[in-house]
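Asks: Next comes the structure file target08.cif, holding mmCIF, C-alpha atoms (C1' of nucleotides).
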```cif
data_protein
loop_
_atom_site.label_atom_id
_atom_site.label_comp_id
_atom_site.auth_asym_id
_atom_site.auth_seq_id
_atom_site.Cartn_x
_atom_site.Cartn_y
_atom_site.Cartn_z
CA MET A 1 -0.09 -0.09 10.51
CA VAL A 2 -1.02 3.50 9.92
CA TYR A 3 -1.64 4.34 6.30
CA LYS A 4 -1.20 7.62 4.59
CA SER A 5 -4.86 8.22 4.05
CA SER A 6 -8.25 6.56 4.27
CA LEU A 7 -8.11 6.42 0.49
CA TYR A 8 -5.18 4.07 0.51
CA LYS A 9 -6.61 2.16 3.42
CA ARG A 10 -9.70 1.35 1.42
CA ILE A 11 -7.61 0.01 -1.43
CA TYR A 12 -5.49 -2.05 0.90
CA VAL A 13 -8.50 -3.61 2.58
CA VAL A 14 -9.77 -4.75 -0.79
CA VAL A 15 -6.40 -6.11 -1.87
CA ARG A 16 -5.97 -8.02 1.36
CA ASN A 17 -9.24 -9.80 0.67
CA ILE A 18 -8.25 -11.18 -2.70
CA PRO A 19 -8.25 -14.96 -2.24
CA PRO A 20 -4.99 -16.85 -2.77
CA GLY A 21 -4.68 -18.27 -6.26
CA LYS A 22 -6.77 -15.45 -7.70
CA VAL A 23 -5.86 -12.14 -9.24
CA ALA A 24 -7.69 -8.84 -9.61
CA THR A 25 -7.15 -6.00 -12.00
CA TYR A 26 -6.48 -2.44 -10.97
CA GLY A 27 -9.78 -1.43 -12.48
CA GLN A 28 -11.64 -4.04 -10.47
CA VAL A 29 -10.07 -2.94 -7.24
CA ALA A 30 -10.91 0.62 -8.20
CA LYS A 31 -14.58 -0.28 -8.68
CA ILE A 32 -14.85 -2.12 -5.40
CA SER A 33 -13.16 0.78 -3.72
CA VAL A 34 -16.09 2.77 -5.07
CA VAL A 35 -14.73 6.12 -6.06
CA LEU A 36 -11.29 5.59 -7.47
CA HIS A 37 -9.61 5.42 -10.82
CA ALA A 38 -7.31 2.58 -11.80
CA ARG A 39 -4.29 4.84 -11.84
CA ILE A 40 -4.83 5.69 -8.21
CA VAL A 41 -4.83 2.02 -7.33
CA GLY A 42 -1.53 1.64 -9.10
CA TYR A 43 -0.23 4.65 -7.27
CA ALA A 44 -1.36 3.16 -3.99
CA MET A 45 0.40 -0.11 -4.78
CA ALA A 46 3.62 1.77 -5.36
CA ALA A 47 3.23 3.15 -1.85
CA VAL A 48 2.64 -0.16 -0.12
CA PRO A 49 4.91 -0.46 2.90
CA PRO A 50 7.44 -3.25 2.28
CA ASP A 51 6.78 -4.79 5.68
CA SER A 52 3.03 -5.01 5.23
CA ASP A 53 0.94 -8.13 4.80
CA ILE A 54 -0.75 -6.80 1.70
CA PRO A 55 -0.70 -9.32 -1.18
CA TRP A 56 0.04 -6.70 -3.78
CA GLN A 57 1.28 -9.37 -6.15
CA ARG A 58 -2.30 -10.41 -6.81
CA VAL A 59 -3.07 -7.10 -8.49
CA ILE A 60 -2.26 -7.02 -12.20
CA ASN A 61 -3.33 -4.92 -15.14
CA HIS A 62 -6.34 -5.38 -17.35
CA GLN A 63 -4.43 -7.29 -20.01
CA GLY A 64 -3.65 -10.02 -17.52
CA LYS A 65 -0.03 -8.99 -17.39
CA ILE A 66 2.20 -7.88 -14.59
CA SER A 67 2.50 -4.14 -14.85
CA PRO A 68 5.98 -2.93 -15.61
CA ARG A 69 7.13 -0.76 -12.76
CA SER A 70 9.20 2.30 -13.26
CA SER A 71 12.25 1.09 -11.37
CA GLY A 72 13.96 -2.23 -10.94
CA ASN A 73 12.68 -5.63 -11.93
CA GLY A 74 10.41 -6.49 -9.04
CA GLY A 75 7.96 -7.85 -11.56
CA THR A 76 9.93 -11.05 -11.68
CA ILE A 77 9.34 -11.55 -7.99
CA GLN A 78 5.66 -10.87 -8.47
CA ARG A 79 5.41 -13.56 -11.11
CA GLN A 80 7.14 -16.06 -8.87
CA TYR A 81 4.72 -15.32 -6.05
CA LEU A 82 1.76 -15.96 -8.32
CA GLU A 83 3.19 -19.14 -9.79
CA ALA A 84 3.74 -20.37 -6.24
CA GLU A 85 0.00 -19.93 -5.70
CA GLY A 86 -0.76 -22.12 -8.69
CA ILE A 87 -1.36 -19.42 -11.26
CA ARG A 88 -0.10 -20.29 -14.71
CA PHE A 89 1.35 -17.84 -17.20
CA ASP A 90 1.21 -18.34 -20.94
CA ARG A 91 4.09 -17.88 -23.32
CA ASN A 92 3.61 -14.13 -23.37
CA GLY A 93 3.64 -13.86 -19.61
CA ARG A 94 -0.09 -13.39 -19.38
CA VAL A 95 -2.60 -14.75 -16.87
CA ASP A 96 -5.97 -16.04 -18.02
CA LEU A 97 -8.36 -13.78 -16.18
CA LYS A 98 -11.30 -16.00 -17.06
CA ILE A 99 -9.81 -18.65 -14.84
CA TYR A 100 -7.87 -16.77 -12.21
CA GLY A 101 -9.76 -13.49 -12.20
CA TRP A 102 -11.33 -12.53 -8.91
CA LYS A 103 -15.10 -12.62 -9.17
CA TYR A 104 -16.86 -9.82 -7.42
CA PRO A 105 -19.41 -11.97 -5.51
CA ASP A 106 -16.50 -13.45 -3.61
CA SER A 107 -16.05 -10.08 -2.05
CA GLU A 108 -18.93 -10.85 0.29
CA ARG A 109 -16.18 -12.15 2.46
CA ILE A 110 -14.56 -8.79 2.70
CA GLU A 111 -14.25 -7.65 6.24
CA GLY A 112 -13.78 -3.96 6.29
CA ASP A 113 -15.21 -1.02 8.11
CA PHE A 114 -15.97 0.77 4.89
CA PHE A 115 -17.35 -1.91 2.70
CA ASN A 116 -20.63 -1.23 0.98
CA PRO A 117 -22.31 -4.39 -0.35
CA GLU A 118 -24.51 -2.42 -2.70
CA LEU A 119 -22.16 -2.02 -5.57
CA PRO A 120 -22.63 -2.55 -9.28
CA LEU A 121 -21.75 -6.02 -10.48
CA GLU A 122 -20.42 -5.67 -13.96
CA ASP A 123 -17.55 -8.07 -14.13
CA THR A 124 -19.61 -11.12 -13.33
CA LYS A 125 -19.69 -13.23 -16.41
"C1'" DT B 1 -1.50 27.18 -7.54
"C1'" DT B 2 0.11 25.26 -11.87
"C1'" DG B 3 2.54 21.49 -14.21
"C1'" DT B 4 4.32 16.69 -14.43
"C1'" DT B 5 4.19 11.95 -13.50
"C1'" DG B 6 2.48 7.30 -13.22
"C1'" DA B 7 2.39 -0.74 -10.64
"C1'" DC B 8 -3.98 2.08 -15.57
"C1'" DT B 9 -8.17 1.62 -18.75
"C1'" DC B 10 -11.06 2.62 -22.53
"C1'" DT B 11 -11.94 3.27 -27.37
"C1'" DG B 12 -11.03 3.20 -32.14
"C1'" DA B 13 -8.26 1.58 -36.01
"C1'" DC C 1 -5.70 -10.27 -31.30
"C1'" DT C 2 -2.38 -5.81 -31.04
"C1'" DC C 3 -1.09 -0.78 -31.18
"C1'" DA C 4 -1.91 4.38 -30.30
"C1'" DG C 5 -4.02 8.06 -28.40
"C1'" DA C 6 -6.96 10.26 -24.99
"C1'" DG C 7 -8.62 10.46 -20.36
"C1'" DC C 8 -8.13 9.71 -15.70
"C1'" DC C 9 -6.94 11.75 -10.68
"C1'" DA C 10 -3.96 11.75 -6.44
"C1'" DA C 11 0.73 12.81 -5.23
"C1'" DC C 12 4.71 15.61 -5.74
"C1'" DA C 13 7.88 19.47 -7.15
#
```
Please re-express this file's structure in structure tokens.

Replies:
Amino acid sequence: MVYKSSLYKRIYVVVRNIPPGKVATYGQVAKISVVLHARIVGYAMAAVPPDSDIPWQRVINHQGKISPRSSGNGGTIQRQYLEAEGIRFDRNGRVDLKIYGWKYPDSERIEGDFFNPELPLEDTK
DNA sequence: TTGTTGACTCTGA
DNA sequence: CTCAGAGCCAACA
């Protein structure tokens, strides 16, 4: 799979390493990807090839909600994917990030040619 | 090259 | 907790 740029490739490597049953926010992916802003991560997700193996459904916004996309209602599919992995949604359609949020130390398992283990750990609570 | 857009986040009220 | 507004930066016209 050839991606549009090394920028996107970095994001996709991070997303692919999110464990099943966990979710990460755009901002978190942005931090791990070192130099990006959350919007760029969202932009990259919109450009994910439909035939890829990237678990884009595990990336949600900072409120713990599925981000509304500009077209269509693919968000419903995303929610079904996550529920199939055991993630529960509350009445407002929100995920409890304290339970299902991806903790940065897990990213030791990331296998990528770019990954730099010396990153700030801020989201570890 | 300038202007708009967007699967976002932060801050203040 | 929620709601607005400002800021963000790559992609696109």

Asks: Spell out the residues picked by the PyMOL selection byres ((chain B) within 9 of (chain A)) here, as a ChimeraX atom specification.

Replies: /B:6-9

Asks: Return the neighbours of chain A among the residues of chain C, cut-off 9 Å, counting only C-alpha atoms (C1' of nucleotides), as number ranges by chain.

Replies: C: 8-11

Asks: For the PyMOL selection byres ((chain A and resi 93) around 12), applied here, can you spell out every residue it catches as a VMD selection string?

Replies: chain A and resid 60 63 to 68 75 to 76 78 to 80 82 to 83 87 to 92 94 to 96

Asks: Could you jot down the atom CA of A:Leu97 to atom CA of A:Gln28 separation for me, Å, one decimal place?

Replies: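 Straight-line distance from atom CA of A:Leu97 to atom CA of A:Gln28 works out to 11.8 Å.
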
Asks: So which residues touch B:DG12 within 12 Å, counting only C-alpha atoms (C1' of nucleotides), skipping near sequence neighbours fewer than 3 positions away, as a ChimeraX atom specification?

Replies: /C:3-6
